[in-house]
Structures are given as structure tokens and as C-alpha cells.
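Reproduced below: input-v4.cif, with mmCIF, C-alpha atoms.
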data_model
loop_
_atom_site.label_atom_id
_atom_site.label_comp_id
_atom_site.auth_asym_id
_atom_site.auth_seq_id
_atom_site.Cartn_x
_atom_site.Cartn_y
_atom_site.Cartn_z
CA MET A 1 -73.88 -42.13 -0.65
CA LYS A 2 -73.13 -44.51 2.18
CA TYR A 3 -70.09 -45.48 4.21
CA ILE A 4 -69.49 -49.02 5.47
CA VAL A 5 -67.02 -49.58 8.29
CA ALA A 6 -65.79 -52.42 10.47
CA ALA A 7 -63.10 -52.98 13.10
CA GLU A 8 -61.41 -55.88 14.87
CA THR A 9 -58.53 -56.10 17.30
CA ASP A 10 -57.00 -59.10 19.05
CA ILE A 11 -54.41 -59.51 21.76
CA GLY A 12 -52.72 -62.29 19.80
CA ILE A 13 -51.19 -65.44 21.18
CA THR A 14 -48.22 -64.28 23.24
CA LYS A 15 -48.71 -60.74 24.60
CA LYS A 16 -50.22 -60.09 28.00
CA VAL A 17 -51.71 -56.76 27.00
CA ASN A 18 -53.30 -55.58 23.78
CA GLN A 19 -51.47 -52.30 23.21
CA ASP A 20 -53.39 -51.53 20.01
CA SER A 21 -56.31 -49.11 19.94
CA VAL A 22 -58.80 -48.63 17.14
CA CYS A 23 -61.50 -46.15 16.26
CA VAL A 24 -64.24 -46.35 13.67
CA LYS A 25 -66.77 -43.53 13.37
CA ASN A 26 -69.33 -42.88 10.71
CA ALA A 27 -71.65 -39.88 10.88
CA GLU A 28 -74.47 -38.27 9.00
CA THR A 29 -74.01 -34.52 9.13
CA LYS A 30 -75.69 -31.40 7.83
CA GLN A 31 -73.01 -31.23 5.14
CA GLY A 32 -73.18 -34.92 4.20
CA LYS A 33 -71.24 -37.96 5.27
CA ALA A 34 -68.14 -38.04 7.48
CA ALA A 35 -66.03 -40.91 8.79
CA LEU A 36 -62.91 -41.45 10.82
CA VAL A 37 -61.14 -44.81 10.83
CA MET A 38 -57.87 -45.28 12.71
CA VAL A 39 -55.44 -47.81 14.09
CA CYS A 40 -52.81 -47.02 16.71
CA ASP A 41 -50.25 -49.69 17.55
CA GLY A 42 -48.81 -49.12 21.01
CA MET A 43 -45.12 -49.84 20.89
CA GLY A 44 -44.16 -53.43 21.59
CA GLY A 45 -41.32 -53.55 24.04
CA LEU A 46 -42.22 -50.21 25.50
CA SER A 47 -44.10 -50.15 28.76
CA LYS A 48 -47.54 -48.52 28.61
CA GLY A 49 -47.82 -48.66 24.86
CA GLU A 50 -51.55 -49.13 25.34
CA LEU A 51 -51.76 -45.78 27.12
CA ALA A 52 -50.05 -43.98 24.24
CA SER A 53 -52.30 -45.57 21.62
CA ALA A 54 -55.41 -44.95 23.73
CA GLU A 55 -54.51 -41.30 24.23
CA VAL A 56 -54.18 -40.70 20.50
CA ILE A 57 -57.42 -42.53 19.70
CA ARG A 58 -59.35 -40.67 22.41
CA SER A 59 -58.08 -37.32 21.20
CA PHE A 60 -59.21 -37.94 17.62
CA SER A 61 -62.45 -39.53 18.77
CA ASP A 62 -63.33 -36.50 20.89
CA TRP A 63 -62.44 -34.17 18.03
CA PHE A 64 -64.73 -36.09 15.68
CA ASP A 65 -67.62 -36.14 18.16
CA TYR A 66 -67.47 -32.57 19.40
CA GLU A 67 -65.53 -30.44 16.92
CA LEU A 68 -66.02 -31.78 13.42
CA ALA A 69 -69.62 -30.65 13.06
CA TYR A 70 -68.54 -27.03 13.60
CA GLU A 71 -65.52 -27.31 11.33
CA LEU A 72 -67.63 -28.76 8.51
CA GLU A 73 -69.59 -25.52 8.34
CA ASN A 74 -66.56 -23.82 6.85
CA TRP A 75 -64.61 -26.85 5.71
CA SER A 76 -61.18 -26.64 4.17
CA TRP A 77 -59.01 -29.69 3.60
CA ARG A 78 -55.94 -27.55 4.01
CA ASP A 79 -57.08 -26.45 7.47
CA ALA A 80 -58.05 -30.01 8.30
CA GLY A 81 -54.57 -31.21 7.35
CA GLN A 82 -52.94 -28.51 9.44
CA SER A 83 -55.25 -29.34 12.33
CA VAL A 84 -54.36 -33.05 12.20
CA LEU A 85 -50.68 -32.18 12.01
CA ASN A 86 -50.96 -29.91 15.04
CA ARG A 87 -52.92 -32.52 16.96
CA LEU A 88 -50.30 -35.18 16.28
CA LYS A 89 -47.48 -32.87 17.32
CA LEU A 90 -49.30 -31.94 20.52
CA LEU A 91 -49.96 -35.58 21.32
CA ASN A 92 -46.32 -36.37 20.63
CA SER A 93 -45.17 -33.68 23.08
CA ARG A 94 -47.74 -34.70 25.68
CA ILE A 95 -46.75 -38.37 25.58
CA ILE A 96 -43.04 -37.57 25.66
CA ASP A 97 -43.59 -35.31 28.69
CA TYR A 98 -45.63 -38.01 30.42
CA GLY A 99 -42.86 -40.54 29.80
CA ARG A 100 -40.20 -38.22 31.20
CA LEU A 101 -42.23 -37.34 34.28
CA ASN A 102 -43.12 -40.94 35.08
CA GLY A 103 -39.87 -42.58 34.05
CA VAL A 104 -41.51 -44.79 31.46
CA GLN A 105 -41.12 -45.11 27.74
CA LEU A 106 -44.28 -45.29 25.69
CA GLY A 107 -45.10 -44.73 22.07
CA THR A 108 -47.55 -45.53 19.35
CA THR A 109 -48.00 -45.52 15.64
CA VAL A 110 -51.00 -43.69 14.22
CA THR A 111 -52.59 -44.35 10.85
CA GLY A 112 -56.00 -43.17 9.79
CA ILE A 113 -58.44 -41.96 7.19
CA LEU A 114 -60.73 -38.97 7.54
CA ALA A 115 -63.47 -38.97 4.93
CA VAL A 116 -65.93 -36.20 4.12
CA ASN A 117 -68.36 -37.05 1.35
CA ASN A 118 -66.27 -38.32 -1.57
CA GLN A 119 -63.00 -36.78 -0.37
CA MET A 120 -60.48 -38.21 2.01
CA MET A 121 -57.33 -37.44 3.92
CA THR A 122 -54.87 -40.05 5.15
CA PHE A 123 -52.52 -39.39 8.04
CA HIS A 124 -49.74 -41.67 9.14
CA VAL A 125 -46.76 -42.06 11.46
CA GLY A 126 -45.08 -45.43 11.99
CA ASP A 127 -45.41 -48.86 10.43
CA SER A 128 -49.13 -49.52 10.47
CA ARG A 129 -50.45 -49.43 6.91
CA ILE A 130 -53.31 -48.33 4.72
CA TYR A 131 -54.12 -50.58 1.79
CA LYS A 132 -56.44 -49.72 -1.02
CA LEU A 133 -58.22 -52.73 -2.45
CA SER A 134 -59.86 -52.17 -5.82
CA TYR A 135 -59.00 -54.38 -8.77
CA HIS A 136 -55.69 -55.03 -7.01
CA ILE A 137 -54.03 -54.15 -3.71
CA LYS A 138 -51.88 -51.08 -3.18
CA GLN A 139 -50.15 -49.77 -0.09
CA LEU A 140 -50.98 -46.09 0.43
CA THR A 141 -48.54 -45.41 3.24
CA GLU A 142 -44.79 -45.53 3.58
CA ASP A 143 -43.42 -47.55 6.48
CA HIS A 144 -41.43 -45.28 8.76
CA THR A 145 -38.95 -48.04 9.51
CA PHE A 146 -35.19 -48.27 9.44
CA VAL A 147 -35.19 -51.05 6.87
CA ASN A 148 -37.60 -49.24 4.53
CA ARG A 149 -35.36 -46.19 4.66
CA GLU A 150 -32.31 -48.30 3.84
CA VAL A 151 -34.11 -50.03 0.98
CA LYS A 152 -35.06 -46.66 -0.46
CA ARG A 153 -31.47 -45.49 -0.13
CA GLY A 154 -30.34 -48.59 -1.96
CA THR A 155 -28.16 -49.86 0.87
CA MET A 156 -30.39 -52.88 1.54
CA THR A 157 -32.51 -55.12 -0.68
CA ALA A 158 -36.18 -55.82 0.00
CA GLU A 159 -35.27 -59.45 0.69
CA GLN A 160 -32.60 -58.46 3.23
CA ALA A 161 -35.11 -56.13 4.89
CA LYS A 162 -37.48 -59.03 5.58
CA THR A 163 -34.95 -60.80 7.79
CA ASP A 164 -32.91 -57.89 9.12
CA PRO A 165 -32.98 -57.83 12.95
CA ARG A 166 -33.78 -54.12 12.80
CA ARG A 167 -36.90 -54.64 10.67
CA ASN A 168 -39.19 -53.51 13.50
CA ALA A 169 -37.16 -50.40 14.33
CA LEU A 170 -39.16 -47.26 13.58
CA THR A 171 -37.68 -44.03 12.33
CA GLN A 172 -40.56 -42.10 13.88
CA CYS A 173 -43.58 -42.70 16.06
CA ILE A 174 -45.76 -40.72 18.44
CA GLY A 175 -44.28 -40.29 21.90
CA VAL A 176 -40.70 -41.23 21.19
CA SER A 177 -39.31 -39.08 18.38
CA GLY A 178 -38.60 -35.50 19.46
CA ASP A 179 -39.82 -34.21 16.13
CA ILE A 180 -42.25 -36.00 13.90
CA THR A 181 -43.09 -35.55 10.23
CA PRO A 182 -46.50 -37.10 9.73
CA GLU A 183 -47.36 -38.25 6.23
CA ILE A 184 -50.59 -36.55 5.19
CA LYS A 185 -52.22 -37.07 1.82
CA PHE A 186 -55.46 -36.06 0.19
CA GLY A 187 -57.52 -37.70 -2.48
CA THR A 188 -60.87 -38.74 -3.84
CA ILE A 189 -62.57 -41.82 -2.48
CA GLU A 190 -63.33 -44.37 -5.14
CA SER A 191 -66.80 -45.82 -4.90
CA GLY A 192 -66.84 -49.56 -4.25
CA THR A 193 -63.21 -49.65 -3.16
CA ASN A 194 -62.24 -51.16 0.18
CA TYR A 195 -59.66 -49.41 2.33
CA LEU A 196 -57.89 -51.41 5.02
CA ILE A 197 -55.87 -50.00 7.89
CA CYS A 198 -53.89 -52.56 9.84
CA SER A 199 -51.20 -52.85 12.46
CA ASP A 200 -47.98 -54.62 11.53
CA GLY A 201 -49.14 -57.65 13.50
CA PHE A 202 -51.92 -58.18 10.98
CA ARG A 203 -49.66 -58.29 7.95
CA HIS A 204 -46.40 -59.91 9.11
CA VAL A 205 -47.33 -63.48 8.28
CA ILE A 206 -49.85 -63.08 5.49
CA THR A 207 -49.14 -61.88 1.99
CA GLU A 208 -50.74 -58.98 0.20
CA GLU A 209 -52.33 -61.50 -2.16
CA GLU A 210 -53.98 -63.24 0.77
CA ILE A 211 -55.23 -59.91 2.09
CA PHE A 212 -56.65 -59.05 -1.32
CA ASP A 213 -58.26 -62.46 -1.73
CA GLY A 214 -59.82 -62.19 1.71
CA LEU A 215 -61.02 -58.60 1.50
CA SER A 216 -61.67 -58.12 -2.19
CA PRO A 217 -64.16 -55.28 -2.77
CA LYS A 218 -66.15 -57.40 -5.19
CA ARG A 219 -67.02 -59.93 -2.50
CA ILE A 220 -66.75 -57.95 0.71
CA THR A 221 -69.45 -55.33 0.39
CA THR A 222 -71.30 -55.36 3.70
CA LYS A 223 -70.43 -54.57 7.28
CA SER A 224 -71.08 -58.13 8.42
CA SER A 225 -68.94 -59.65 5.67
CA MET A 226 -66.14 -57.18 6.45
CA GLN A 227 -66.28 -58.03 10.13
CA ALA A 228 -66.35 -61.77 9.51
CA ARG A 229 -63.55 -61.76 6.97
CA ILE A 230 -61.25 -59.58 9.08
CA ARG A 231 -61.84 -61.98 11.98
CA GLU A 232 -61.01 -64.94 9.73
CA LEU A 233 -57.76 -63.32 8.67
CA ILE A 234 -56.88 -62.55 12.27
CA GLU A 235 -57.41 -66.21 13.16
CA THR A 236 -55.18 -67.20 10.23
CA VAL A 237 -52.49 -64.84 11.49
CA LYS A 238 -52.73 -66.34 14.98
CA ASN A 239 -52.54 -69.87 13.61
CA ARG A 240 -49.31 -68.87 11.92
CA LYS A 241 -47.87 -67.92 15.32
CA GLU A 242 -47.75 -64.16 14.94
CA SER A 243 -46.52 -62.85 18.28
CA ASP A 244 -47.80 -59.27 18.09
CA ASN A 245 -51.21 -57.76 18.78
CA ILE A 246 -53.38 -57.78 15.67
CA SER A 247 -55.70 -54.98 14.55
CA ALA A 248 -57.50 -54.06 11.37
CA VAL A 249 -60.26 -51.67 10.37
CA MET A 250 -62.01 -51.32 7.03
CA PHE A 251 -63.74 -48.51 5.23
CA ARG A 252 -65.79 -48.47 2.05
CA ALA A 253 -67.86 -45.79 0.35
CA GLU A 254 -70.60 -46.40 -2.16
CA TYR A 255 -72.06 -43.62 -4.23
CA MET B 1 -18.29 -6.11 -4.80
CA THR B 2 -18.80 -4.18 -8.01
CA LYS B 3 -21.83 -2.13 -8.82
CA TYR B 4 -22.75 -4.65 -11.49
CA GLU B 5 -22.69 -7.56 -9.04
CA LEU B 6 -24.85 -5.65 -6.60
CA MET B 7 -27.37 -4.98 -9.34
CA VAL B 8 -27.51 -8.68 -10.25
CA ILE B 9 -28.13 -9.63 -6.62
CA ALA B 10 -30.82 -6.97 -6.27
CA ALA B 11 -32.52 -8.14 -9.46
CA ALA B 12 -32.48 -11.77 -8.28
CA ALA B 13 -33.96 -10.77 -4.92
CA ALA B 14 -36.66 -8.73 -6.62
CA ALA B 15 -37.53 -11.65 -8.91
CA PHE B 16 -37.74 -14.01 -5.93
CA VAL B 17 -40.10 -11.67 -4.06
CA LEU B 18 -42.25 -11.21 -7.18
CA ILE B 19 -42.54 -14.97 -7.77
CA ASN B 20 -43.56 -15.50 -4.14
CA ILE B 21 -46.21 -12.78 -4.33
CA ILE B 22 -47.67 -14.28 -7.50
CA MET B 23 -47.58 -17.83 -6.12
CA TRP B 24 -49.30 -16.94 -2.85
CA SER B 25 -51.89 -14.80 -4.65
CA ILE B 26 -52.83 -17.83 -6.74
CA ILE B 27 -52.97 -20.09 -3.67
CA ILE B 28 -55.17 -17.66 -1.73
CA ALA B 29 -57.46 -17.05 -4.71
CA LYS B 30 -57.95 -20.78 -5.25
CA GLU B 31 -58.60 -21.33 -1.56
CA LYS B 32 -61.24 -18.59 -1.48
CA LYS B 33 -62.89 -20.02 -4.58
CA SER B 34 -62.92 -23.50 -3.14
CA ARG B 35 -64.42 -22.32 0.15
CA LYS B 36 -67.15 -20.45 -1.67
CA ASN B 37 -68.08 -23.63 -3.50
CA ASN B 38 -68.85 -25.53 -0.29
CA ALA B 39 -65.64 -27.47 0.15
CA PRO B 40 -66.93 -30.83 1.44
CA ALA B 41 -68.54 -31.62 -1.87
CA GLN B 42 -65.61 -30.38 -3.91
CA PRO B 43 -62.49 -32.21 -5.03
CA ALA B 44 -59.51 -31.79 -2.74
CA MET B 45 -57.95 -28.37 -3.07
CA PRO B 46 -54.78 -27.92 -5.01
CA TYR B 47 -51.80 -28.40 -2.80
CA TYR B 48 -48.18 -27.64 -3.24
CA GLY B 49 -45.08 -29.56 -2.35
CA MET B 50 -44.13 -30.15 1.19
CA PRO B 51 -40.90 -32.13 1.15
CA ALA B 52 -41.77 -34.51 3.95
CA MET B 53 -45.05 -35.35 2.33
CA THR B 54 -44.03 -35.60 -1.26
CA GLN B 55 -41.36 -38.16 -0.37
CA ALA B 56 -44.12 -40.65 0.10
CA VAL B 57 -45.41 -41.21 -3.41
CA PRO B 58 -49.17 -40.86 -3.25
CA GLN B 59 -49.68 -43.28 -6.10
CA SER B 60 -52.59 -45.09 -4.57
CA VAL B 61 -54.94 -42.24 -3.82
CA THR B 62 -56.41 -40.72 -6.91
CA GLN B 63 -56.08 -37.00 -7.43
CA THR B 64 -53.77 -36.83 -4.48
CA ARG B 65 -52.27 -33.51 -3.54
CA THR B 66 -49.96 -32.43 -0.81
CA ALA B 67 -50.34 -29.28 1.20
CA VAL B 68 -48.16 -26.51 2.49
CA PHE B 69 -48.22 -26.96 6.23
CA ASN B 70 -46.45 -25.10 8.91
CA THR B 71 -44.44 -27.92 10.44
CA ARG B 72 -42.05 -25.71 12.35
CA ALA B 73 -44.40 -23.75 14.56
CA ASN B 74 -45.13 -25.15 17.99
CA PRO B 75 -48.80 -26.04 17.90
CA THR B 76 -50.96 -24.67 20.66
CA GLU B 77 -53.94 -26.32 22.25
CA PRO B 78 -56.98 -25.66 20.03
CA PRO B 79 -59.86 -23.71 21.58
CA GLN B 80 -62.28 -26.02 23.31
CA ARG B 81 -65.92 -25.91 22.36
CA PRO B 82 -68.60 -27.08 24.78
CA ARG B 83 -68.60 -30.88 24.79
CA VAL B 84 -72.11 -31.18 23.46
CA LYS B 85 -72.99 -33.35 20.51
CA ARG B 86 -75.01 -31.46 17.94
CA SER B 87 -78.40 -32.74 17.00
CA ASP B 88 -77.58 -32.44 13.29
CA PHE B 89 -74.56 -34.71 13.73
CA ILE B 90 -75.76 -38.30 13.90
CA LEU B 91 -73.27 -41.05 14.65
CA LEU B 92 -74.21 -44.18 12.71
CA ASP B 93 -71.14 -46.16 13.79
CA ASP B 94 -69.16 -45.39 16.91
CA ILE B 95 -66.51 -47.95 17.82
CA VAL B 96 -63.64 -46.93 20.08
CA ILE B 97 -61.53 -49.77 21.46
CA VAL B 98 -58.77 -48.96 23.94
CA HIS B 99 -57.20 -51.22 26.52
CA THR B 100 -56.64 -48.97 29.49
CA ASP B 101 -58.69 -46.59 31.64
CA GLU B 102 -55.62 -44.55 32.47
CA ARG B 103 -55.43 -41.06 31.01
CA ILE B 104 -52.62 -38.61 30.36
CA GLU B 105 -53.77 -35.28 31.75
#

The structure in this file should be written as C-alpha cells.
Amino acid sequence: MKYIVAAETDIGITKKVNQDSVCVKNAETKQGKAALVMVCDGMGGLSKGELASAEVIRSFSDWFDYELAYELENWSWRDAGQSVLNRLKLLNSRIIDYGRLNGVQLGTTVTGILAVNNQMMTFHVGDSRIYKLSYHIKQLTEDHTFVNREVKRGTMTAEQAKTDPRRNALTQCIGVSGDITPEIKFGTIESGTNYLICSDGFRHVITEEEIFDGLSPKRITTKSSMQARIRELIETVKNRKESDNISAVMFRAEY
Amino acid sequence: MTKYELMVIAAAAAAFVLINIIMWSIIIAKEKKSRKNNAPAQPAMPYYGMPAMTQAVPQSVTQTRTAVFNTRANPTEPPQRPRVKRSDFILLDDIVIVHTDERIE
């Protein structure tokens, strides 16, 4: 079994700071393979969004580097899920406290995949997304946005949501919402399937069809091709005048 | 309240307790079994509905389950192990991109 991973992030064409943070880790362990791939999108419009996203990424990165090997010795996905939930809640409290103490508002989305051998867990707060690309493209995460909530309630159509001025308003994110309800799911990794995690800046101005065409698992099978194709898509997004930071990471398992 | 009504309430309460005992016995038994079988190589454990999680339809992850998590409790800082990388844990890819040196302590 092998994991293939890649990551790209770009400041974009208008922002002065890249508030996104990304993490891609792939390890060989005594118990087999393990990987962590994540994107955190520091909140646009909020000062110090890059600090919030960096804090979350560093916390998970340190956990992967120093804790995971011990936890794998007696691994339980249930415990792992509870641990991720606790970590996210702690980070949420810590960032809120920092904001209060320093008189700043900062926040971040967090979306990631933790893989151990052929099993995976996804965790998600905000409007970054996980896509699964196999014979077609599917979104694995729900957007925690105002417009998505209204569409689900039936008070807004999907078309209206695309142009609604509140389309970027989040219903929850790390560091802003007093209480968060992270979306955590478990599943089996499909061999030869590509998983994409991207910030909203990556997907605003390109369609899901374009993403699938660009990152199809039949053609994109190596680290270098992943890296190159993500970069190509980022350049396309910039050419189409996307104003946000742009980040994407990819993960693929073959067994 | 009549004696009959009290008996109905008591019976309902007893049934509720019994169902909970049975349900949790099954959960614990399955968890123990799964742990014995070296969990990393096993399919994801059976999980049971957590409202916040089941709202998001897990249609895209095969064999997806949701777990019972304690979302109410205030999480405490996990115990810190020595920050030493183990020799049997080999990082093949290690990319961390952040855009600030500032830390929240």
C-alpha cells in the first residue's frame, strides 16, 4: 500500500497576506501507513486570520509527529474521532480567548483527512471542501454557510445562493463561534481514488467538472502530476480574477 | 395520579433503562472485539447516530459511520508526551505551510 500526497497554496491576486495554511503528512509506521492532509482558510475580512489557521495546522501537525505513533499502538477510530473533536474545541476556545485578550477578531475553517491504512476519518468546520474523485466527483463535506443552510431549509434556491450577498457568511468556524459542531465522518479509502481538499478560493470560479477533468484519478496518479495539475488549476483560478487566497491538497491511496 | 398511571410510567422507565443497558453492552462488546483485532487494519467500527454528524449525509465515503461523541463536555488539554519522534515512525512527506511566525500561547 502507498499514499501519494501533494499540496499547493497561493496568495492570489488581490490579498496582501495569504491567510490559508496547509499540512500534508505521510508516514510509515509500525502499524502500517498513516497520513494527515488538511487545509485551513483563515477568515477573509478578519484580522490575523493567518494566525488562526496556522495555530490549527501546527496543533494537528505536532499531534501527528509526536502523538500518533503512541496512539496507533492501541488504535480506535472512536477515540480518534473524540480526540479530534476535543482538539478542535480546545483550539476554538484558545483562539476566541486570544481574540478577546488582544482585541482582534480571527478565525479559520478546518477541513482534513486522517488516514490509517485503508481507513479514513474526515473532519470539517467551515466552507472549505473535500471532494472525492473516482469515476465522477462528489463533495464529501457540507458547507457550513448561511446560504447552504437556507437552501437545505428550502427558503432559498441553489441559484439564488450563488449570488446572495451572504454567500460567504459562515454558520460556524474555529475561533468565532462560541460552540462548534465539527462534522466528523469515517469510511474506507478506495484504492486509486483521488481526494481533494480545497479552500473556497480554489473552487469559486471553476466548476466541479473542470476540477474533475483536471484531477481525474485515471490521469493524475503521481505526486508530480498532482502538484503540476493543482498549480495549473490555481493559475486558471487567478486568471479568472478570483480575489481570495487559493489552497488545495490532494491525497491518494493505492493498494 | 392513579395507581395504574404510576405503573405505566414505571414500566416505561424500566423499559428505557433496559434498552440502554442492552444498547451500550452491544457497543462495548463490539469495541472490545474491534480493538482485539488490531483496529488500524480493520474496517471502521460501527458507529451510532450523533445528530450533528448525521445531518451531513455521508454519501461519498463508503461504509461511512458516525460515532457517539461527547460534545457537551469541556475538553481538557491532553497529556503531553515527550516531544521526541519515534524511530519506528518515518515521515515520508512532511509539508506544513503557514504564513506567520506568531504563536498563540

*Kindly indicate which residue among A:Phe202, A:Phe123, A:Phe146, A:Phe186 lies nearest to chain B, using only C-alpha atoms for the distances.*
A:Phe186

*asked:* Just want the 8 Å neighbourhood of range 178-180 of chain A, counted on only C-alpha atoms, with same-chain residues fewer than 4 positions away dropped. Output as a ChimeraX atom specification.
replied: /A:89,92-93,96,125,172-174

_Counting all atoms listed in the file, chain A residues within 6 Å of chain B, as a VMD selection string_ = chain A and resid 21 to 30 54 66 75 82 86 140 183 185 to 188

*Report the distance between CA of Asn18 in chain A and CA of Asn245 in chain A in Å, rounded to one decimal place.*
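Separating CA of Asn18 in chain A from CA of Asn245 in chain A is a distance of 5.8 Å.
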
*Counting all atoms listed in the file, which residues come within 9 Å of (-41.0, -51.0, 11.6), with the point read in the file's coordinates, and could you list them as a list in words?*
Gly126, Asp127, Ser128, Asp143, His144, Thr145, Phe146, Val147, Asn148, Arg166, Arg167, Asn168, Ala169, Leu170, Thr171 and Asp200 of chain A

*Spell out the residues picked by the PyMOL selection byres ((chain A and resi 7) around 9) here, as JSON, numbers by chain.*
{"A": [5, 6, 8, 9, 22, 23, 24, 37, 226, 227, 230, 247, 248, 249, 250], "B": [95]}

Report the residues retrieved by the PyMOL selection byres ((chain A and resi 207-222) around 7) from the displayed file, expressed as a short mmCIF file (atom, residue, chain, number, x, y, z; two decimals) with C-alpha atoms, in the frame of the given file.
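See expr27.cif below for the written result:
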data_model
loop_
_atom_site.label_atom_id
_atom_site.label_comp_id
_atom_site.auth_asym_id
_atom_site.auth_seq_id
_atom_site.Cartn_x
_atom_site.Cartn_y
_atom_site.Cartn_z
CA ILE A 4 -69.49 -49.02 5.47
CA LEU A 133 -58.22 -52.73 -2.45
CA SER A 134 -59.86 -52.17 -5.82
CA ILE A 137 -54.03 -54.15 -3.71
CA GLY A 192 -66.84 -49.56 -4.25
CA THR A 193 -63.21 -49.65 -3.16
CA ASN A 194 -62.24 -51.16 0.18
CA ARG A 203 -49.66 -58.29 7.95
CA VAL A 205 -47.33 -63.48 8.28
CA ILE A 206 -49.85 -63.08 5.49
CA LYS A 223 -70.43 -54.57 7.28
CA SER A 224 -71.08 -58.13 8.42
CA SER A 225 -68.94 -59.65 5.67
CA MET A 226 -66.14 -57.18 6.45
CA ARG A 229 -63.55 -61.76 6.97
#

*Using the chain letters and numbering of this document, enumerate as a VMD selection string the residues selected by the PyMOL selection byres ((chain A and resi 84) around 12).*
(chain A and resid 56 59 to 60 63 to 64 68 77 to 83 85 to 91 110 to 114 121 to 125 181 to 185) or (chain B and resid 69 to 71 75 78)

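In this model, the gap between CA of Asp20 in chain A and CA of Glu50 in chain A comes to 6.1 Å.
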
*Hey, which of A:Lys48, A:Ser191, A:Asn117, A:Tyr70 ends up closest to Asn102 in chain A? Count all atoms listed in the file.*
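Result for the nearest residue to Asn102 in chain A: A:Lys48.
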